[in-house]
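Contents: one structure, followed by commentary.
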Amino acid sequence: MSNSDNDGVNWVDLAADPPAQPAAPVQVPIPPQTPLVMVETAFLASAASLIWLINYYFPFGPLLRLFFPIPIALLYLRRGERAAWMGALVSGLLLSILMGPTRSILYVIPYGLMGVQLGFVWRRGGSWYLSMFLGTILSTVGFLFRFWLLSILIGENLWLYVINQVTTWANWIVMRFGLLTQPDRFWIEVGAIALLVVNSAIYLFTVHLVALLMGDRLKTPIPRPPQWVQVLFEYEY
């Protein structure tokens, strides 16, 4: 009986592979925070553009200038390098639509790039001295770039005009004190650039103080200031 049963079994069918199932579509996992990153990038980029726009049409002195690079720097601290670059690009495109490409470029260089640079150093725990040094160089280059771009658009050398004005003031000071020397034009240019570097350094220091207060309030802290800054401002954290 067992032999007859075995004879009736189709061993070929048993050895055959089971019918193939249709392959499931490959799904690329999407990070759950991607929509949040996009929204935050758009929000901070719009905030940076709005600050620049308000300061251009309704200037409040140097107050709003302190916030120019901070939104992009905070974006770098919160969402990383790619989000910061996208935020700077979106800010430039938005300002290009609202104010024209020239004023858009004047924001991106240096303030958009400065925000990325500050965020890069702060996220890696760099000291204030390093971030201020790099930011001062970038701010000085950006100021000279502004003079160069506006000189091309206007058709006049604005830097030469500034140097001529400084030379006139220097000659007046020399005559006022009864000195018998004539100020050299080379040293006048060196002094003008030195004053520009000092002004940029003071600006970067103030930006660091504003970012320190804002970062602590927004739970996105930047590296701690040097000890002398904490003592000077009696800052506790």
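Residues in the structure tokens are numbered from 1 in each chain, the chains being A, B, ... in the order shown, and ligands are numbered from 1 in the order shown.
The list of residues with at least one atom within 8 Å of Tyr111 in chain A, based on only C-alpha atoms and without residues fewer than 2 positions apart in the same chain, reads Phe68, Pro69, Tyr107, Val108, Ile109, Leu113, Met114, Gly115 and Ser139 of chain A.
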Could the residues in this selection be saved with N, CA and C atoms as a CSV table (one decimal), in the first residue's frame?
```
chain,number,residue,atom,x,y,z
A,68,PHE,N,22.2,90.5,11.4
A,68,PHE,CA,22.3,90.0,10.0
A,68,PHE,C,22.8,88.6,9.8
A,69,PRO,N,23.9,88.2,10.4
A,69,PRO,CA,24.4,86.8,10.2
A,69,PRO,C,23.8,85.8,11.2
A,107,TYR,N,24.0,91.4,0.6
A,107,TYR,CA,23.7,90.7,1.9
A,107,TYR,C,24.4,89.4,2.0
A,108,VAL,N,24.4,88.6,0.9
A,108,VAL,CA,25.1,87.3,0.9
A,108,VAL,C,26.6,87.5,1.2
A,109,ILE,N,27.2,88.5,0.6
A,109,ILE,CA,28.6,88.8,0.8
A,109,ILE,C,28.7,90.1,1.5
A,113,LEU,N,27.5,84.6,4.1
A,113,LEU,CA,28.7,83.7,4.3
A,113,LEU,C,29.2,83.8,5.7
A,114,MET,N,29.1,84.9,6.4
A,114,MET,CA,29.5,85.0,7.7
A,114,MET,C,28.7,84.2,8.7
A,115,GLY,N,27.4,84.1,8.4
A,115,GLY,CA,26.5,83.2,9.2
A,115,GLY,C,26.9,81.7,9.1
A,139,SER,N,34.4,90.0,7.1
A,139,SER,CA,33.7,91.3,7.1
A,139,SER,C,34.6,92.3,6.4
```
Near-range 220-226 of chain A list (12 Å; only C-alpha atoms; drop same-chain fewer than 2 positions) as number ranges by chain: A: 70-71, 73-79, 118-132, 205-218, 228-237
Any chance you could tabulate, as JSON lines, the residues of range 141-195 of chain A at most 9 Å from range 89-106 of chain A with each one's nearest atom pair and distance in Å to one decimal, using only C-alpha atoms, in chain and rising number order?
```
{"residue": "A:Gly142", "atom": "CA", "partner": "A:Leu106", "partner_atom": "CA", "distance": 8.2}
{"residue": "A:Phe145", "atom": "CA", "partner": "A:Leu106", "partner_atom": "CA", "distance": 8.6}
{"residue": "A:Arg146", "atom": "CA", "partner": "A:Leu106", "partner_atom": "CA", "distance": 6.6}
{"residue": "A:Leu149", "atom": "CA", "partner": "A:Thr102", "partner_atom": "CA", "distance": 8.6}
{"residue": "A:Leu150", "atom": "CA", "partner": "A:Thr102", "partner_atom": "CA", "distance": 9.0}
```
Please give the complete set of residues from range 154-193 of chain A that DSSP, run on the backbone, assigns to helix (DSSP H, G or I), formatted as a PyMOL selection string. chain A and resi 154+158-176+185-193
Okay, now the selection with C-alpha atoms, as a PDB file, in the first residue's frame?
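Wrote part08.pdb, looks like this:
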```pdb
ATOM      1  CA  ILE A 154      28.300 103.955 -10.371  1.00  0.00           C
ATOM      2  CA  LEU A 158      34.586 105.138  -4.325  1.00  0.00           C
ATOM      3  CA  TRP A 159      37.669 103.962  -2.456  1.00  0.00           C
ATOM      4  CA  LEU A 160      39.716 106.717  -4.092  1.00  0.00           C
ATOM      5  CA  TYR A 161      37.065 109.216  -3.065  1.00  0.00           C
ATOM      6  CA  VAL A 162      37.241 108.036   0.562  1.00  0.00           C
ATOM      7  CA  ILE A 163      41.041 108.204   0.577  1.00  0.00           C
ATOM      8  CA  ASN A 164      40.921 111.754  -0.806  1.00  0.00           C
ATOM      9  CA  GLN A 165      38.540 112.765   1.980  1.00  0.00           C
ATOM     10  CA  VAL A 166      40.748 111.176   4.626  1.00  0.00           C
ATOM     11  CA  THR A 167      43.787 112.896   3.131  1.00  0.00           C
ATOM     12  CA  THR A 168      42.018 116.250   3.373  1.00  0.00           C
ATOM     13  CA  TRP A 169      41.224 115.652   7.044  1.00  0.00           C
ATOM     14  CA  ALA A 170      44.797 114.522   7.713  1.00  0.00           C
ATOM     15  CA  ASN A 171      46.175 117.684   6.102  1.00  0.00           C
ATOM     16  CA  TRP A 172      43.842 119.813   8.211  1.00  0.00           C
ATOM     17  CA  ILE A 173      44.998 118.061  11.386  1.00  0.00           C
ATOM     18  CA  VAL A 174      48.643 118.528  10.415  1.00  0.00           C
ATOM     19  CA  MET A 175      48.103 122.234   9.780  1.00  0.00           C
ATOM     20  CA  ARG A 176      46.089 122.596  12.961  1.00  0.00           C
ATOM     21  CA  ARG A 185      49.132 108.593   0.805  1.00  0.00           C
ATOM     22  CA  PHE A 186      50.346 105.040   1.332  1.00  0.00           C
ATOM     23  CA  TRP A 187      50.145 105.318   5.100  1.00  0.00           C
ATOM     24  CA  ILE A 188      46.743 106.934   4.844  1.00  0.00           C
ATOM     25  CA  GLU A 189      45.481 103.892   2.947  1.00  0.00           C
ATOM     26  CA  VAL A 190      47.102 101.576   5.494  1.00  0.00           C
ATOM     27  CA  GLY A 191      45.443 103.511   8.310  1.00  0.00           C
ATOM     28  CA  ALA A 192      42.061 103.362   6.574  1.00  0.00           C
ATOM     29  CA  ILE A 193      42.297  99.595   6.188  1.00  0.00           C
TER      30      ILE A 193
END
```
In Å, how far is it from CA of Met86 in chain A to CA of Leu36 in chain A? 14.2 Å
Which neighbours of Asn199 in chain A fall inside 12 Å, counting only C-alpha atoms, when residues of the same chain fewer than 2 positions from it are skipped, and could you give them as an MDAnalysis selection string? chainID A and resid 135:137 139:140 143 192:197 201:206
Give me a file of those residues, with N, CA and C atoms, as an mmCIF file, in the first residue's frame.
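Written file, again06.cif:
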```cif
data_model
loop_
_atom_site.group_PDB
_atom_site.id
_atom_site.type_symbol
_atom_site.label_atom_id
_atom_site.label_comp_id
_atom_site.auth_asym_id
_atom_site.auth_seq_id
_atom_site.Cartn_x
_atom_site.Cartn_y
_atom_site.Cartn_z
ATOM 1 N N GLY A 135 35.783 85.811 11.138
ATOM 2 C CA GLY A 135 34.705 86.730 10.811
ATOM 3 C C GLY A 135 35.199 88.127 10.484
ATOM 4 N N THR A 136 36.251 88.583 11.169
ATOM 5 C CA THR A 136 36.813 89.897 10.881
ATOM 6 C C THR A 136 37.396 89.941 9.475
ATOM 7 N N ILE A 137 38.103 88.886 9.098
ATOM 8 C CA ILE A 137 38.642 88.826 7.736
ATOM 9 C C ILE A 137 37.511 88.853 6.709
ATOM 10 N N SER A 139 34.432 89.975 7.088
ATOM 11 C CA SER A 139 33.748 91.268 7.101
ATOM 12 C C SER A 139 34.556 92.330 6.365
ATOM 13 N N THR A 140 35.863 92.335 6.558
ATOM 14 C CA THR A 140 36.709 93.313 5.876
ATOM 15 C C THR A 140 36.702 93.088 4.365
ATOM 16 N N PHE A 143 33.409 94.248 2.991
ATOM 17 C CA PHE A 143 33.312 95.710 2.872
ATOM 18 C C PHE A 143 34.051 96.198 1.628
ATOM 19 N N ALA A 192 43.475 103.573 6.864
ATOM 20 C CA ALA A 192 42.061 103.362 6.574
ATOM 21 C C ALA A 192 41.695 101.881 6.651
ATOM 22 N N ILE A 193 42.552 101.033 6.115
ATOM 23 C CA ILE A 193 42.297 99.595 6.188
ATOM 24 C C ILE A 193 42.384 99.101 7.627
ATOM 25 N N ALA A 194 43.333 99.649 8.404
ATOM 26 C CA ALA A 194 43.448 99.258 9.808
ATOM 27 C C ALA A 194 42.194 99.637 10.585
ATOM 28 N N LEU A 195 41.670 100.839 10.336
ATOM 29 C CA LEU A 195 40.428 101.245 10.992
ATOM 30 C C LEU A 195 39.264 100.353 10.572
ATOM 31 N N LEU A 196 39.261 99.942 9.319
ATOM 32 C CA LEU A 196 38.221 99.035 8.840
ATOM 33 C C LEU A 196 38.299 97.686 9.553
ATOM 34 N N VAL A 197 39.510 97.177 9.751
ATOM 35 C CA VAL A 197 39.686 95.904 10.456
ATOM 36 C C VAL A 197 39.234 96.028 11.910
ATOM 37 N N ALA A 201 36.240 93.983 13.748
ATOM 38 C CA ALA A 201 36.457 93.200 14.960
ATOM 39 C C ALA A 201 35.461 93.576 16.048
ATOM 40 N N ILE A 202 35.195 94.872 16.200
ATOM 41 C CA ILE A 202 34.204 95.312 17.195
ATOM 42 C C ILE A 202 32.818 94.801 16.830
ATOM 43 N N TYR A 203 32.506 94.843 15.544
ATOM 44 C CA TYR A 203 31.209 94.328 15.090
ATOM 45 C C TYR A 203 31.068 92.839 15.390
ATOM 46 N N LEU A 204 32.118 92.063 15.114
ATOM 47 C CA LEU A 204 32.053 90.624 15.361
ATOM 48 C C LEU A 204 31.935 90.325 16.852
ATOM 49 N N PHE A 205 32.612 91.097 17.677
ATOM 50 C CA PHE A 205 32.511 90.890 19.119
ATOM 51 C C PHE A 205 31.074 91.132 19.598
ATOM 52 N N THR A 206 30.445 92.184 19.092
ATOM 53 C CA THR A 206 29.067 92.474 19.479
ATOM 54 C C THR A 206 28.116 91.400 18.975
#
```
